[in-house]
Amino acid sequence: MPIRLKKRHFVTGGVISALLLTVVFFLVFMTGSYSVTAAPDGGSRECASVVTELPRIVTGEKSQETTGAGTTAWGDGKIVLRCGVTPLDPTTNLCMTVDGVDWVLDEAKAKNSGPRALTTYGRHPAIEVTINDSALSPGDVLVDLNRTVKQIPQGDRKCISLDDVN
């Protein structure tokens with residue numbers, strides 16, 4: 001005896017399929033995750049410790065999940081932190097000490113109206129913070145992050161001034 005399906009079963013199945021597709025779309029594309037490429041040592045124990053202790057709000061911007069190990073973003077990518085970047089060699093770029101942490105500004109990016117990228121100096125693994133919003137103060141961003149960044153001990157390398165060179 002052949003099985004007869006009523007038209008109503010097809011409509012109900014179609015509605016359920018549409019609802020399931022909507023839920024899957026929401027979970028995949030609307031969860032607020034921001035795509036950030038992990039740094040070479042982003043999966044290190046030190047980076048995992050730093051990322052779990054980062055503040056939920058930096059300069060008024062809320063944190064969001066990111067895709068790369070050892071990364072965090074705030075404010076839809078206005079501020080992006082990547083732990084585990086390659087430590088910097090000595091450089092002539094601007095090196096500043098902010099609240100006990102040495103940071104080097106990538107002057108080439110800053111001069112080309114690009115994002116302001118700052119990397120810790122003398123810490124391993126190094127941490128890079130990129131600020132993609134010109135309205136945000138780098139000093140305020142770094143002060144908010146430094147309590148956590150200090151978990152990675154300062155090595156022998158430190159920022160020096162012109163007075164230290166003579």
# chains A, B, ... in the order shown; residues from 1 in each chain; ligands from 1

$ select_by_dssp --residues "region 130-161 of chain A" --states "helix (DSSP H, G or I)" --output "count of residues only"
12

$ select_by_dssp --residues "region 97-146 of chain A" --states "strand (DSSP E)" --output "list of chain:residue names"
A:Thr97, A:Val98, A:Val101, A:Asp102, A:Trp103, A:Val104, A:Leu105, A:Arg116, A:Ala117, A:Leu118, A:Thr119, A:Thr120, A:Ala126, A:Ile127, A:Glu128, A:Val129, A:Thr130, A:Ile131

$ write_last_selection --atoms "C-alpha atoms" --output "mmCIF file, in the first residue's frame"
data_model
loop_
_atom_site.group_PDB
_atom_site.id
_atom_site.type_symbol
_atom_site.label_atom_id
_atom_site.label_comp_id
_atom_site.auth_asym_id
_atom_site.auth_seq_id
_atom_site.Cartn_x
_atom_site.Cartn_y
_atom_site.Cartn_z
ATOM 1 C CA THR A 97 57.157 53.718 29.395
ATOM 2 C CA VAL A 98 53.489 53.801 30.378
ATOM 3 C CA VAL A 101 55.415 48.881 30.866
ATOM 4 C CA ASP A 102 57.652 49.716 27.886
ATOM 5 C CA TRP A 103 55.866 50.075 24.530
ATOM 6 C CA VAL A 104 57.219 50.772 21.029
ATOM 7 C CA LEU A 105 55.095 52.631 18.480
ATOM 8 C CA ARG A 116 48.480 52.876 15.747
ATOM 9 C CA ALA A 117 50.296 49.666 16.614
ATOM 10 C CA LEU A 118 52.223 49.426 19.872
ATOM 11 C CA THR A 119 54.302 46.431 20.967
ATOM 12 C CA THR A 120 55.703 45.690 24.398
ATOM 13 C CA ALA A 126 55.531 40.261 23.361
ATOM 14 C CA ILE A 127 52.084 41.834 23.155
ATOM 15 C CA GLU A 128 50.862 44.000 20.289
ATOM 16 C CA VAL A 129 47.964 46.413 20.681
ATOM 17 C CA THR A 130 46.446 47.957 17.564
ATOM 18 C CA ILE A 131 44.195 50.997 17.899
#

$ residues_around --residues "Gly100 (chain A)" --least-positions-apart "4" --cutoff "10 Å" --atoms "only C-alpha atoms" --output "PyMOL selection string"
chain A and resi 96+143+146-147+150+154

$ write_last_selection --atoms "C-alpha atoms" --output "CSV table (one decimal), in the first residue's frame"
chain,number,residue,atom,x,y,z
A,96,MET,CA,57.8,54.9,25.9
A,143,VAL,CA,46.9,52.2,31.1
A,146,ASN,CA,49.0,47.4,31.7
A,147,ARG,CA,47.8,45.7,34.9
A,150,LYS,CA,52.6,43.2,33.7
A,154,GLN,CA,60.2,42.6,32.0

$ residues_around --residues "Pro87 (chain A)" --least-positions-apart "4" --cutoff "8 Å" --atoms "only C-alpha atoms" --output "CSV table (one decimal) with N, CA, C and O atoms, in the first residue's frame"
chain,number,residue,atom,x,y,z
A,120,THR,N,54.9,45.6,23.2
A,120,THR,CA,55.7,45.7,24.4
A,120,THR,C,57.2,45.5,24.0
A,120,THR,O,57.5,44.8,23.1
A,121,TYR,N,58.0,46.1,24.8
A,121,TYR,CA,59.5,46.0,24.6
A,121,TYR,C,60.1,45.4,25.9
A,121,TYR,O,59.8,45.8,27.0
A,122,GLY,N,60.9,44.3,25.6
A,122,GLY,CA,61.6,43.7,26.7
A,122,GLY,C,60.8,42.6,27.4
A,122,GLY,O,61.2,42.1,28.4
A,123,ARG,N,59.7,42.2,26.9
A,123,ARG,CA,58.9,41.1,27.4
A,123,ARG,C,58.7,40.0,26.4
A,123,ARG,O,58.6,40.2,25.2
A,124,HIS,N,58.7,38.8,26.9
A,124,HIS,CA,58.6,37.6,26.0
A,124,HIS,C,57.6,36.6,26.6
A,124,HIS,O,57.9,36.2,27.8
A,125,PRO,N,56.6,36.3,26.0
A,125,PRO,CA,56.2,36.8,24.6
A,125,PRO,C,55.8,38.2,24.6
A,125,PRO,O,55.3,38.7,25.7
A,126,ALA,N,55.9,38.9,23.5
A,126,ALA,CA,55.5,40.3,23.4
A,126,ALA,C,54.0,40.4,23.1
A,126,ALA,O,53.4,39.4,22.6

$ residues_around --residues "Gly43 (chain A)" --least-positions-apart "6" --cutoff "12 Å" --atoms "only C-alpha atoms" --output "list of chain:residue names"
A:Thr37, A:Ser49, A:Val50, A:Val51, A:Gly68, A:Ala69, A:Gly70, A:Thr71, A:Arg82, A:Cys83, A:Gly84, A:Val85, A:Pro125
